[in-house]
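What follows is query_24.pdb (PDB, C-alpha atoms).
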ATOM      1  CA  MET A   1      12.808 -50.954 153.455
ATOM      2  CA  GLY A   2      10.243 -53.186 155.189
ATOM      3  CA  GLN A   3       9.386 -50.509 157.759
ATOM      4  CA  LYS A   4       6.493 -48.081 157.925
ATOM      5  CA  VAL A   5       8.007 -44.603 157.893
ATOM      6  CA  ALA A   6       6.233 -41.435 159.009
ATOM      7  CA  VAL A   7       7.571 -37.920 158.519
ATOM      8  CA  ILE A   8       6.170 -35.725 161.288
ATOM      9  CA  VAL A   9       6.481 -31.958 160.919
ATOM     10  CA  PRO A  10       5.669 -29.584 163.798
ATOM     11  CA  CYS A  11       5.129 -26.054 162.530
ATOM     12  CA  TYR A  12       3.727 -22.644 163.327
ATOM     13  CA  ASN A  13       3.251 -19.965 160.665
ATOM     14  CA  GLU A  14       5.410 -21.702 158.048
ATOM     15  CA  ALA A  15       3.213 -21.115 154.975
ATOM     16  CA  LYS A  16       6.242 -19.902 152.983
ATOM     17  CA  THR A  17       8.265 -23.075 153.546
ATOM     18  CA  ILE A  18       5.963 -25.994 154.353
ATOM     19  CA  SER A  19       5.157 -26.957 150.757
ATOM     20  CA  GLY A  20       8.871 -27.242 149.956
ATOM     21  CA  VAL A  21       9.485 -29.349 153.067
ATOM     22  CA  VAL A  22       6.656 -31.762 152.188
ATOM     23  CA  GLU A  23       7.730 -32.067 148.536
ATOM     24  CA  ASP A  24      11.407 -32.593 149.430
ATOM     25  CA  PHE A  25      10.655 -35.402 151.866
ATOM     26  CA  ARG A  26       8.175 -37.007 149.469
ATOM     27  CA  ARG A  27      10.913 -37.035 146.828
ATOM     28  CA  HIS A  28      13.536 -38.592 149.094
ATOM     29  CA  LEU A  29      11.153 -40.862 151.056
ATOM     30  CA  PRO A  30       8.445 -41.734 148.516
ATOM     31  CA  GLU A  31       6.924 -44.524 150.638
ATOM     32  CA  ALA A  32       6.610 -42.411 153.795
ATOM     33  CA  GLU A  33       3.413 -40.872 155.122
ATOM     34  CA  ILE A  34       3.868 -37.149 155.783
ATOM     35  CA  TYR A  35       2.038 -35.526 158.683
ATOM     36  CA  VAL A  36       2.008 -31.781 159.315
ATOM     37  CA  PHE A  37       0.957 -30.732 162.815
ATOM     38  CA  ASP A  38      -0.069 -27.092 162.667
ATOM     39  CA  ASN A  39       0.231 -25.303 166.010
ATOM     40  CA  ASN A  40      -2.625 -22.809 165.514
ATOM     41  CA  SER A  41      -1.028 -20.930 162.614
ATOM     42  CA  THR A  42      -2.577 -17.717 161.347
ATOM     43  CA  ASP A  43      -0.936 -17.562 157.899
ATOM     44  CA  GLY A  44      -2.645 -20.479 156.144
ATOM     45  CA  THR A  45       0.021 -23.098 156.890
ATOM     46  CA  SER A  46      -2.601 -25.872 157.159
ATOM     47  CA  GLU A  47      -4.154 -25.044 153.801
ATOM     48  CA  VAL A  48      -0.775 -24.973 152.051
ATOM     49  CA  ALA A  49       0.279 -28.293 153.599
ATOM     50  CA  HIS A  50      -3.027 -29.905 152.651
ATOM     51  CA  SER A  51      -2.727 -28.648 149.083
ATOM     52  CA  VAL A  52       0.546 -30.563 148.583
ATOM     53  CA  GLY A  53      -0.885 -33.815 149.953
ATOM     54  CA  ALA A  54       0.228 -33.896 153.579
ATOM     55  CA  HIS A  55      -1.956 -35.255 156.362
ATOM     56  CA  VAL A  56      -2.744 -32.154 158.413
ATOM     57  CA  ARG A  57      -3.577 -32.145 162.115
ATOM     58  CA  ARG A  58      -4.225 -28.996 164.121
ATOM     59  CA  VAL A  59      -2.912 -28.598 167.669
ATOM     60  CA  PRO A  60      -4.532 -25.578 169.365
ATOM     61  CA  LEU A  61      -2.414 -25.734 172.542
ATOM     62  CA  ARG A  62       0.570 -23.491 171.755
ATOM     63  CA  GLY A  63       4.142 -24.763 172.174
ATOM     64  CA  LYS A  64       6.398 -27.229 170.364
ATOM     65  CA  GLY A  65       6.373 -29.626 173.314
ATOM     66  CA  ASN A  66       2.580 -29.808 173.124
ATOM     67  CA  VAL A  67       2.793 -30.526 169.405
ATOM     68  CA  ILE A  68       5.319 -33.324 169.885
ATOM     69  CA  ARG A  69       3.145 -34.899 172.585
ATOM     70  CA  ARG A  70       0.246 -34.986 170.113
ATOM     71  CA  MET A  71       2.389 -36.282 167.232
ATOM     72  CA  PHE A  72       3.801 -39.149 169.252
ATOM     73  CA  ALA A  73       0.329 -40.113 170.478
ATOM     74  CA  ASP A  74      -1.503 -39.933 167.133
ATOM     75  CA  VAL A  75       0.902 -41.285 164.527
ATOM     76  CA  GLU A  76       1.546 -45.020 164.185
ATOM     77  CA  ALA A  77       4.749 -46.090 162.426
ATOM     78  CA  ASP A  78       7.941 -48.108 162.828
ATOM     79  CA  VAL A  79      10.285 -45.217 162.036
ATOM     80  CA  TYR A  80       9.540 -41.554 162.738
ATOM     81  CA  VAL A  81      11.350 -38.734 160.962
ATOM     82  CA  MET A  82      10.797 -35.502 162.875
ATOM     83  CA  VAL A  83      11.820 -32.270 161.177
ATOM     84  CA  ASP A  84      10.940 -28.612 161.621
ATOM     85  CA  GLY A  85       8.803 -27.032 158.931
ATOM     86  CA  ASP A  86      11.109 -24.064 158.297
ATOM     87  CA  GLY A  87      12.949 -25.553 155.312
ATOM     88  CA  THR A  88      16.408 -25.382 156.929
ATOM     89  CA  TYR A  89      17.078 -29.129 157.204
ATOM     90  CA  ASP A  90      18.334 -31.407 154.444
ATOM     91  CA  ALA A  91      15.651 -33.876 153.341
ATOM     92  CA  GLY A  92      18.268 -35.707 151.280
ATOM     93  CA  ALA A  93      19.946 -36.909 154.483
ATOM     94  CA  ALA A  94      16.822 -38.742 155.694
ATOM     95  CA  PRO A  95      17.471 -42.085 153.913
ATOM     96  CA  ARG A  96      21.023 -42.128 155.313
ATOM     97  CA  LEU A  97      19.799 -41.415 158.856
ATOM     98  CA  ILE A  98      17.111 -44.118 158.627
ATOM     99  CA  GLU A  99      19.639 -46.590 157.221
ATOM    100  CA  ALA A 100      21.943 -45.953 160.188
ATOM    101  CA  MET A 101      19.058 -46.512 162.607
ATOM    102  CA  LEU A 102      17.960 -49.804 161.059
ATOM    103  CA  ASP A 103      21.439 -51.197 160.415
ATOM    104  CA  GLU A 104      22.632 -50.505 163.962
ATOM    105  CA  GLY A 105      19.339 -51.041 165.806
ATOM    106  CA  LEU A 106      19.248 -47.510 167.225
ATOM    107  CA  ASP A 107      16.379 -45.783 168.984
ATOM    108  CA  MET A 108      17.291 -42.221 168.047
ATOM    109  CA  VAL A 109      19.505 -40.620 165.420
ATOM    110  CA  VAL A 110      20.125 -36.876 165.743
ATOM    111  CA  GLY A 111      20.860 -34.845 162.620
ATOM    112  CA  SER A 112      23.650 -32.642 163.948
ATOM    113  CA  ARG A 113      23.619 -29.265 162.202
ATOM    114  CA  VAL A 114      26.590 -28.233 160.067
ATOM    115  CA  SER A 115      26.523 -24.875 158.289
ATOM    116  CA  ASP A 116      28.930 -22.257 156.991
ATOM    117  CA  GLU A 117      26.136 -19.708 156.617
ATOM    118  CA  VAL A 118      26.200 -17.106 159.374
ATOM    119  CA  THR A 119      22.510 -16.320 158.918
ATOM    120  CA  ALA A 120      21.546 -19.993 159.165
ATOM    121  CA  TYR A 121      22.955 -20.657 162.611
ATOM    122  CA  ARG A 122      23.486 -17.420 164.521
ATOM    123  CA  SER A 123      26.456 -17.146 166.868
ATOM    124  CA  GLY A 124      24.186 -16.533 169.873
ATOM    125  CA  HIS A 125      22.301 -19.742 169.175
ATOM    126  CA  ARG A 126      25.572 -21.644 168.660
ATOM    127  CA  PHE A 127      26.940 -20.412 171.989
ATOM    128  CA  GLY A 128      23.687 -21.190 173.807
ATOM    129  CA  ASN A 129      23.571 -24.668 172.294
ATOM    130  CA  VAL A 130      27.165 -25.405 173.334
ATOM    131  CA  MET A 131      26.602 -24.058 176.856
ATOM    132  CA  LEU A 132      23.364 -25.966 177.443
ATOM    133  CA  THR A 133      24.723 -29.159 175.883
ATOM    134  CA  GLY A 134      27.811 -28.952 178.109
ATOM    135  CA  PHE A 135      25.672 -28.338 181.177
ATOM    136  CA  ALA A 136      23.495 -31.355 180.365
ATOM    137  CA  ALA A 137      26.620 -33.477 179.836
ATOM    138  CA  ALA A 138      27.945 -32.482 183.262
ATOM    139  CA  ILE A 139      24.678 -33.644 184.847
ATOM    140  CA  PHE A 140      23.752 -36.694 182.806
ATOM    141  CA  GLY A 141      27.092 -37.861 181.419
ATOM    142  CA  ARG A 142      27.451 -38.740 177.749
ATOM    143  CA  THR A 143      25.345 -36.459 175.600
ATOM    144  CA  PHE A 144      25.140 -34.992 172.085
ATOM    145  CA  LYS A 145      27.095 -32.283 170.304
ATOM    146  CA  ASP A 146      23.878 -30.710 169.004
ATOM    147  CA  MET A 147      21.307 -31.479 171.675
ATOM    148  CA  LEU A 148      18.826 -28.904 170.343
ATOM    149  CA  SER A 149      18.623 -30.086 166.726
ATOM    150  CA  GLY A 150      15.098 -30.254 165.298
ATOM    151  CA  TYR A 151      15.995 -33.089 162.891
ATOM    152  CA  ARG A 152      15.716 -36.535 164.489
ATOM    153  CA  ILE A 153      14.861 -40.124 163.609
ATOM    154  CA  PHE A 154      13.057 -42.189 166.250
ATOM    155  CA  SER A 155      12.163 -45.826 166.691
ATOM    156  CA  ARG A 156       8.644 -46.793 167.632
ATOM    157  CA  ARG A 157       9.682 -47.845 171.130
ATOM    158  CA  TYR A 158      11.303 -44.460 171.732
ATOM    159  CA  VAL A 159       8.201 -42.563 170.634
ATOM    160  CA  LYS A 160       5.715 -44.672 172.578
ATOM    161  CA  SER A 161       7.772 -44.561 175.786
ATOM    162  CA  PHE A 162       8.484 -40.814 175.743
ATOM    163  CA  PRO A 163       6.682 -39.042 178.647
ATOM    164  CA  ALA A 164       6.591 -35.560 177.006
ATOM    165  CA  HIS A 165       6.282 -33.127 179.915
ATOM    166  CA  ALA A 166       7.675 -30.006 178.190
ATOM    167  CA  GLN A 167       5.449 -27.429 176.520
ATOM    168  CA  GLY A 168       7.809 -25.300 174.424
ATOM    169  CA  PHE A 169      11.221 -25.423 172.736
ATOM    170  CA  GLU A 170      12.747 -27.045 175.821
ATOM    171  CA  THR A 171      11.285 -30.306 174.517
ATOM    172  CA  GLU A 172      14.550 -31.006 172.611
ATOM    173  CA  THR A 173      16.346 -31.193 175.954
ATOM    174  CA  GLU A 174      13.730 -33.641 177.210
ATOM    175  CA  LEU A 175      14.147 -35.774 174.071
ATOM    176  CA  ALA A 176      17.884 -36.098 174.702
ATOM    177  CA  VAL A 177      17.563 -36.800 178.426
ATOM    178  CA  HIS A 178      14.950 -39.524 177.861
ATOM    179  CA  ALA A 179      17.436 -41.422 175.701
ATOM    180  CA  LEU A 180      20.307 -40.846 178.120
ATOM    181  CA  GLU A 181      18.510 -41.918 181.279
ATOM    182  CA  LEU A 182      17.330 -45.206 179.697
ATOM    183  CA  ARG A 183      20.763 -45.704 178.072
ATOM    184  CA  MET A 184      19.205 -46.185 174.654
ATOM    185  CA  PRO A 185      21.392 -46.905 171.639
ATOM    186  CA  VAL A 186      21.649 -43.556 169.858
ATOM    187  CA  ALA A 187      23.834 -41.836 167.278
ATOM    188  CA  GLU A 188      24.527 -38.364 165.942
ATOM    189  CA  ILE A 189      25.207 -37.791 162.239
ATOM    190  CA  GLU A 190      26.175 -34.488 160.679
ATOM    191  CA  THR A 191      23.657 -32.992 158.252
ATOM    192  CA  ARG A 192      23.642 -29.800 156.231
ATOM    193  CA  TYR A 193      21.767 -26.876 157.770
ATOM    194  CA  GLY A 194      20.643 -23.950 155.625
ATOM    195  CA  SER A 195      19.226 -20.463 156.029
ATOM    196  CA  ARG A 196      15.562 -19.709 156.242
ATOM    197  CA  PRO A 197      14.132 -18.382 152.979
ATOM    198  CA  GLU A 198      13.497 -14.668 152.730
ATOM    199  CA  GLY A 199      10.338 -13.624 154.518
ATOM    200  CA  SER A 200      10.397 -16.563 156.940
ATOM    201  CA  GLU A 201      11.099 -15.746 160.581
ATOM    202  CA  SER A 202      12.416 -17.917 163.410
ATOM    203  CA  LYS A 203      10.049 -18.501 166.332
ATOM    204  CA  LEU A 204      12.986 -19.121 168.717
ATOM    205  CA  ASN A 205      13.842 -16.351 171.177
ATOM    206  CA  THR A 206      17.501 -16.769 172.184
ATOM    207  CA  TYR A 207      17.234 -15.490 175.746
ATOM    208  CA  ARG A 208      13.686 -16.480 176.706
ATOM    209  CA  ASP A 209      13.887 -20.005 175.313
ATOM    210  CA  GLY A 210      17.481 -20.416 176.514
ATOM    211  CA  ILE A 211      16.353 -19.685 180.079
ATOM    212  CA  ARG A 212      13.449 -22.107 179.715
ATOM    213  CA  ILE A 213      15.810 -24.829 178.485
ATOM    214  CA  LEU A 214      18.193 -24.164 181.384
ATOM    215  CA  VAL A 215      15.298 -24.383 183.855
ATOM    216  CA  THR A 216      14.242 -27.659 182.209
ATOM    217  CA  ILE A 217      17.741 -29.099 182.679
ATOM    218  CA  LEU A 218      17.677 -28.133 186.378
ATOM    219  CA  ARG A 219      14.202 -29.614 186.772
ATOM    220  CA  LEU A 220      15.308 -32.850 185.113
ATOM    221  CA  PHE A 221      18.427 -32.870 187.303
ATOM    222  CA  LYS A 222      16.186 -32.743 190.378
ATOM    223  CA  LEU A 223      13.884 -35.444 189.033
ATOM    224  CA  GLU A 224      16.494 -37.835 187.653
ATOM    225  CA  ARG A 225      19.419 -37.244 190.059
ATOM    226  CA  PRO A 226      17.658 -36.345 193.329
ATOM    227  CA  PHE A 227      20.441 -37.527 195.641
ATOM    228  CA  ALA A 228      23.000 -35.366 193.827
ATOM    229  CA  PHE A 229      20.610 -32.384 193.668
ATOM    230  CA  PHE A 230      19.577 -32.479 197.328
ATOM    231  CA  GLY A 231      23.119 -33.468 198.325
ATOM    232  CA  ILE A 232      24.360 -30.181 196.882
ATOM    233  CA  CYS A 233      21.616 -28.343 198.793
ATOM    234  CA  PHE A 234      22.710 -30.171 201.985
ATOM    235  CA  VAL A 235      26.354 -29.186 201.514
ATOM    236  CA  LEU A 236      25.477 -25.531 200.814
ATOM    237  CA  SER A 237      23.231 -25.336 203.893
ATOM    238  CA  MET A 238      25.866 -26.889 206.134
ATOM    239  CA  LEU A 239      28.653 -24.668 204.768
ATOM    240  CA  LEU A 240      26.536 -21.576 205.433
ATOM    241  CA  ALA A 241      25.646 -22.820 208.931
ATOM    242  CA  VAL A 242      29.297 -23.564 209.772
ATOM    243  CA  GLY A 243      30.444 -20.242 208.302
ATOM    244  CA  LEU A 244      28.020 -18.348 210.564
ATOM    245  CA  ALA A 245      28.765 -20.546 213.588
ATOM    246  CA  VAL A 246      32.571 -20.193 213.592
ATOM    247  CA  PRO A 247      32.614 -16.566 214.912
ATOM    248  CA  LEU A 248      30.020 -17.526 217.543
ATOM    249  CA  LEU A 249      32.145 -20.457 218.675
ATOM    250  CA  GLU A 250      35.260 -18.284 218.887
ATOM    251  CA  THR A 251      33.376 -15.735 221.026
ATOM    252  CA  TYR A 252      32.012 -18.500 223.243
ATOM    253  CA  ILE A 253      35.486 -19.996 223.783
ATOM    254  CA  GLU A 254      36.896 -16.564 224.692
ATOM    255  CA  THR A 255      34.075 -15.241 226.883
ATOM    256  CA  GLY A 256      31.748 -18.143 227.619
ATOM    257  CA  LEU A 257      28.881 -16.091 226.179
ATOM    258  CA  VAL A 258      26.689 -16.309 223.060
ATOM    259  CA  PRO A 259      25.837 -12.646 222.387
ATOM    260  CA  ARG A 260      24.215 -13.157 218.960
ATOM    261  CA  VAL A 261      21.325 -15.501 219.769
ATOM    262  CA  PRO A 262      19.427 -14.890 216.470
ATOM    263  CA  THR A 263      22.544 -15.922 214.504
ATOM    264  CA  ALA A 264      22.875 -19.031 216.655
ATOM    265  CA  LEU A 265      19.234 -19.927 215.967
ATOM    266  CA  LEU A 266      19.810 -19.357 212.245
ATOM    267  CA  CYS A 267      22.750 -21.791 212.327
ATOM    268  CA  VAL A 268      20.575 -24.431 213.998
ATOM    269  CA  ALA A 269      17.781 -23.859 211.450
ATOM    270  CA  LEU A 270      20.200 -24.141 208.516
ATOM    271  CA  SER A 271      21.587 -27.392 209.949
ATOM    272  CA  VAL A 272      18.084 -28.839 210.319
ATOM    273  CA  VAL A 273      17.151 -27.774 206.776
ATOM    274  CA  GLY A 274      20.398 -29.290 205.497
ATOM    275  CA  PHE A 275      19.630 -32.655 207.030
ATOM    276  CA  LEU A 276      16.087 -32.475 205.664
ATOM    277  CA  PHE A 277      17.605 -31.996 202.192
ATOM    278  CA  LEU A 278      19.790 -35.053 202.774
ATOM    279  CA  VAL A 279      16.864 -37.216 203.878
ATOM    280  CA  CYS A 280      14.762 -36.036 200.913
ATOM    281  CA  GLY A 281      17.615 -36.934 198.565
ATOM    282  CA  LEU A 282      17.929 -40.443 200.015
ATOM    283  CA  ILE A 283      14.188 -41.131 199.835
ATOM    284  CA  LEU A 284      13.675 -39.655 196.364
ATOM    285  CA  ASP A 285      16.720 -41.509 195.034
ATOM    286  CA  THR A 286      15.031 -44.796 195.929
ATOM    287  CA  VAL A 287      11.743 -43.626 194.360
ATOM    288  CA  THR A 288      13.534 -42.497 191.190
ATOM    289  CA  LYS A 289      15.286 -45.835 190.758
ATOM    290  CA  GLY A 290      11.942 -47.637 191.017
ATOM    291  CA  ARG A 291      10.358 -45.236 188.505
ATOM    292  CA  LEU A 292      13.286 -45.681 186.132
ATOM    293  CA  GLU A 293      12.961 -49.457 186.309
ATOM    294  CA  ALA A 294       9.253 -49.157 185.449
ATOM    295  CA  LYS A 295      10.046 -46.865 182.492
ATOM    296  CA  ARG A 296      12.717 -49.276 181.302
ATOM    297  CA  LEU A 297      10.330 -52.234 181.439
ATOM    298  CA  ALA A 298       7.664 -50.256 179.551
ATOM    299  CA  TYR A 299      10.256 -49.312 176.926
ATOM    300  CA  LEU A 300      11.323 -52.956 176.504
ATOM    301  CA  THR A 301       7.760 -54.175 175.943
ATOM    302  CA  ILE A 302       7.779 -52.439 172.539
ATOM    303  CA  PRO A 303       9.792 -54.177 169.779
ATOM    304  CA  GLY A 304      12.946 -52.371 168.697
ATOM    305  CA  PRO A 305      13.731 -51.195 165.156
ATOM    306  CA  GLY A 306      13.909 -54.203 162.870
ATOM    307  CA  PRO A 307      16.453 -54.788 160.089
ATOM    308  CA  ARG A 308      15.763 -53.689 156.555
ATOM    309  CA  SER A 309      14.252 -56.354 154.323
TER     310      SER A 309
END

Starting from the coordinates I provided, produce the structure as structure tokens.
Amino acid sequence: MGQKVAVIVPCYNEAKTISGVVEDFRRHLPEAEIYVFDNNSTDGTSEVAHSVGAHVRRVPLRGKGNVIRRMFADVEADVYVMVDGDGTYDAGAAPRLIEAMLDEGLDMVVGSRVSDEVTAYRSGHRFGNVMLTGFAAAIFGRTFKDMLSGYRIFSRRYVKSFPAHAQGFETETELAVHALELRMPVAEIETRYGSRPEGSESKLNTYRDGIRILVTILRLFKLERPFAFFGICFVLSMLLAVGLAVPLLETYIETGLVPRVPTALLCVALSVVGFLFLVCGLILDTVTKGRLEAKRLAYLTIPGPGPRS
């Protein structure tokens, strides 16, 4: 292949599945180094992973985003295969995903989940994924069908340019937005997704983590599209100010009086706040463009994925 490949596995309490994950990826990617990053597990995950020959690193700070930050900082490779340690993803698809990355010079390939098993991909999670992916697409434009997949292939320049602000499961949203904002060459390839083995439990909470992901999208919207974000705030403030001012104006035209002085002051305050939003949007838009240019230049200083030898 001519490329140094690293399989990086974030996991928490996956003692029942981690040995199978390591052995499957070793079988399909025999030349790859396999790293298991244990997020303070209490069920012996580290010991099991070590017993099957994986490089084990412990990350005490809880949260998948914190684990990914550590993985990207510590592991040196040309191609990174990131997969959850729950045994639900198809290791056999890894060579095909890597081949697509190297042949097409991509920076990220997402293994889009395809499953007919109801227990593998619950309807609530499917709906949440579709809703959040659609919301991200409305904000950032072109996006992925399965933005929250835990099976991804990265180039070195993606990994070493990723800022990694998130702490928990919202990190998948951040991974997608980083590629979109820098207009990286990416692809999405369908891969088989299976059920967790009996006795293994998902760490994802549909409602709690869904809200956190939604908040992350809004935060990224403010950071990456400040003029649009503060422009919306400006329009809402002005609409509310005008809506409250119309009855006052009608009364003034009829009687020449302004009987509701507090309402009039509120209209003035809302107008001032609205224009402050507009000014903030204009200033931060300029700052964001400069920051994006700096991120782009940093990204381009790292060589892209090379062709297979």

* To do: With the file shown as input, list the residues that the PyMOL selection byres ((chain A and resi 86) around 8) selects, as number ranges by chain.
  => A: 11, 14, 17-18, 21, 84-85, 87-89, 196, 200

Go ahead and dump the residues you just picked, C-alpha atoms, as a PDB file, in the coordinates of the input.
ATOM      1  CA  CYS A  11       5.129 -26.054 162.530  1.00  0.00           C
ATOM      2  CA  GLU A  14       5.410 -21.702 158.048  1.00  0.00           C
ATOM      3  CA  THR A  17       8.265 -23.075 153.546  1.00  0.00           C
ATOM      4  CA  ILE A  18       5.963 -25.994 154.353  1.00  0.00           C
ATOM      5  CA  VAL A  21       9.485 -29.349 153.067  1.00  0.00           C
ATOM      6  CA  ASP A  84      10.940 -28.612 161.621  1.00  0.00           C
ATOM      7  CA  GLY A  85       8.803 -27.032 158.931  1.00  0.00           C
ATOM      8  CA  GLY A  87      12.949 -25.553 155.312  1.00  0.00           C
ATOM      9  CA  THR A  88      16.408 -25.382 156.929  1.00  0.00           C
ATOM     10  CA  TYR A  89      17.078 -29.129 157.204  1.00  0.00           C
ATOM     11  CA  ARG A 196      15.562 -19.709 156.242  1.00  0.00           C
ATOM     12  CA  SER A 200      10.397 -16.563 156.940  1.00  0.00           C
TER      13      SER A 200
END

* **Spatial neighbours of Arg225 (chain A), 9 Å, only C-alpha atoms, chain gap at least 3 places, as a list in words** => Ile139, Phe140, Leu220, Phe221, Lys222, Ala228, Phe229, Phe230, Gly281, Leu284, Asp285 and Thr288 of chain A

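Note that the spacing between CA of Ala94 (chain A) and CA of Lys4 (chain A) amounts to 14.1 Å.
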
* Selection result of the PyMOL selection byres ((chain A and resi 301) around 12) on this file, as an NGL selection string -> :A and (156-158 or 160-161 or 294-300 or 302-304)

Export, as a CSV table (one decimal), in the coordinates of the input, the selected residues with C-alpha atoms.
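Saved file again.csv follows:
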chain,number,residue,atom,x,y,z
A,156,ARG,CA,8.6,-46.8,167.6
A,157,ARG,CA,9.7,-47.8,171.1
A,158,TYR,CA,11.3,-44.5,171.7
A,160,LYS,CA,5.7,-44.7,172.6
A,161,SER,CA,7.8,-44.6,175.8
A,294,ALA,CA,9.3,-49.2,185.4
A,295,LYS,CA,10.0,-46.9,182.5
A,296,ARG,CA,12.7,-49.3,181.3
A,297,LEU,CA,10.3,-52.2,181.4
A,298,ALA,CA,7.7,-50.3,179.6
A,299,TYR,CA,10.3,-49.3,176.9
A,300,LEU,CA,11.3,-53.0,176.5
A,302,ILE,CA,7.8,-52.4,172.5
A,303,PRO,CA,9.8,-54.2,169.8
A,304,GLY,CA,12.9,-52.4,168.7

* Tyr80 (chain A): which residues within 8 Å, counting only C-alpha atoms, same-chain residues fewer than 5 positions away excluded, as a ChimeraX atom specification? -> /A:5-8,153-156

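Across the structure, CA of Met101 (chain A) and CA of Ala54 (chain A) are spaced 24.4 Å apart.
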
* Asked: Can you list, as a PyMOL selection string, every protein, DNA or RNA residue that comes within 9 Å of Gly134 (chain A) when you count all atoms listed in the file, leaving out same-chain residues fewer than 4 positions away?
  -> chain A and resi 129-130+138-139+143-145

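The coordinates place CA of Arg58 (chain A) at 28.1 Å from CA of Val215 (chain A).
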
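Checking A:Leu276, A:Ala100, A:Ala93, A:Ala264 one by one against Arg192 (chain A), counting only C-alpha atoms, you find the shortest gap at A:Ala93.
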
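Among the candidate residues A:Glu181, A:Asp90, A:Glu188, A:Glu174, the one lying nearest to Met108 (chain A) is A:Glu188, with distances computed using only C-alpha atoms.
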
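Using all atoms listed in the file for every distance, the candidate list A:Val67, A:Leu292, A:Leu61, A:Ala269 yields A:Leu292 as the residue closest to Leu182 (chain A).
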
Convert the output of the PyMOL selection byres ((chain A and resi 39) around 7) on the shown file into explicit residues, formatted as an mmCIF file with C-alpha atoms, keeping the file's coordinate frame.
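Below you can see out.cif, which holds the result:
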data_model
loop_
_atom_site.group_PDB
_atom_site.id
_atom_site.type_symbol
_atom_site.label_atom_id
_atom_site.label_comp_id
_atom_site.auth_asym_id
_atom_site.auth_seq_id
_atom_site.Cartn_x
_atom_site.Cartn_y
_atom_site.Cartn_z
ATOM 1 C CA CYS A 11 5.129 -26.054 162.530
ATOM 2 C CA TYR A 12 3.727 -22.644 163.327
ATOM 3 C CA PHE A 37 0.957 -30.732 162.815
ATOM 4 C CA ASP A 38 -0.069 -27.092 162.667
ATOM 5 C CA ASN A 40 -2.625 -22.809 165.514
ATOM 6 C CA SER A 41 -1.028 -20.930 162.614
ATOM 7 C CA ARG A 58 -4.225 -28.996 164.121
ATOM 8 C CA VAL A 59 -2.912 -28.598 167.669
ATOM 9 C CA PRO A 60 -4.532 -25.578 169.365
ATOM 10 C CA ARG A 62 0.570 -23.491 171.755
ATOM 11 C CA VAL A 67 2.793 -30.526 169.405
#

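When all atoms listed in the file are used to compute distances to Val83 (chain A), the closest of the residues A:Ala15, A:Ile189, A:Leu97, A:Val9 turns out to be A:Val9.
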
* Identify, on the basis of all atoms listed in the file, every residue whose closest approach to Thr263 (chain A) does not exceed 8 Å; exclude the query and any residue fewer than 3 positions from it along the same chain; express the result as a ChimeraX atom specification. => /A:244-245,260,266-267

* Distance criterion (all atoms listed in the file): nearest to Thr191 (chain A) out of A:Val258, A:Val109, A:Ala241, A:Leu236 -> A:Val109

* Taking (16.9, -46.8, 157.8) in the file's coordinates as the center, which residues reach within 10 Å of it, counting all atoms listed in the file, put as an MDAnalysis selection string? -> chainID A and resid 1:3 5 79 94:106 153 305:308

Could the centre and edge lengths of an axis-aligned box, enclosing all atoms of region 98-104 of chain A in the file with 5 Å extra on each side, be given in Å to one decimal as lines of an AutoDock Vina configuration file?
center_x = 19.9
center_y = -47.7
center_z = 160.6
size_x = 15.5
size_y = 17.1
size_z = 16.7

* **Which residue of A:Leu257, A:Ile68, A:Met131, A:Ala77 approaches Gln167 (chain A) most closely, using only C-alpha atoms** => A:Ile68

With the input short on atoms, add N, CA and C atoms back to region 101-110 of chain A and write it as a PDB file, keeping the file's coordinate frame.
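Saved as out.pdb:
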ATOM      1  N   MET A 101      19.905 -46.023 161.516  1.00  0.00           N
ATOM      2  CA  MET A 101      19.058 -46.512 162.607  1.00  0.00           C
ATOM      3  C   MET A 101      18.767 -47.997 162.456  1.00  0.00           C
ATOM      4  N   LEU A 102      18.359 -48.414 161.268  1.00  0.00           N
ATOM      5  CA  LEU A 102      17.960 -49.804 161.059  1.00  0.00           C
ATOM      6  C   LEU A 102      19.161 -50.744 161.064  1.00  0.00           C
ATOM      7  N   ASP A 103      20.258 -50.331 160.470  1.00  0.00           N
ATOM      8  CA  ASP A 103      21.439 -51.197 160.415  1.00  0.00           C
ATOM      9  C   ASP A 103      22.036 -51.435 161.798  1.00  0.00           C
ATOM     10  N   GLU A 104      21.990 -50.403 162.647  1.00  0.00           N
ATOM     11  CA  GLU A 104      22.632 -50.505 163.962  1.00  0.00           C
ATOM     12  C   GLU A 104      21.638 -50.714 165.101  1.00  0.00           C
ATOM     13  N   GLY A 105      20.345 -50.818 164.780  1.00  0.00           N
ATOM     14  CA  GLY A 105      19.339 -51.041 165.806  1.00  0.00           C
ATOM     15  C   GLY A 105      19.244 -49.918 166.813  1.00  0.00           C
ATOM     16  N   LEU A 106      19.256 -48.674 166.344  1.00  0.00           N
ATOM     17  CA  LEU A 106      19.248 -47.510 167.225  1.00  0.00           C
ATOM     18  C   LEU A 106      17.820 -47.070 167.543  1.00  0.00           C
ATOM     19  N   ASP A 107      17.684 -46.333 168.615  1.00  0.00           N
ATOM     20  CA  ASP A 107      16.379 -45.783 168.984  1.00  0.00           C
ATOM     21  C   ASP A 107      16.241 -44.315 168.611  1.00  0.00           C
ATOM     22  N   MET A 108      17.345 -43.616 168.469  1.00  0.00           N
ATOM     23  CA  MET A 108      17.291 -42.221 168.047  1.00  0.00           C
ATOM     24  C   MET A 108      18.559 -41.853 167.298  1.00  0.00           C
ATOM     25  N   VAL A 109      18.380 -41.165 166.179  1.00  0.00           N
ATOM     26  CA  VAL A 109      19.505 -40.620 165.420  1.00  0.00           C
ATOM     27  C   VAL A 109      19.274 -39.115 165.306  1.00  0.00           C
ATOM     28  N   VAL A 110      20.232 -38.336 165.768  1.00  0.00           N
ATOM     29  CA  VAL A 110      20.125 -36.876 165.743  1.00  0.00           C
ATOM     30  C   VAL A 110      20.875 -36.337 164.528  1.00  0.00           C
TER      31      VAL A 110
END
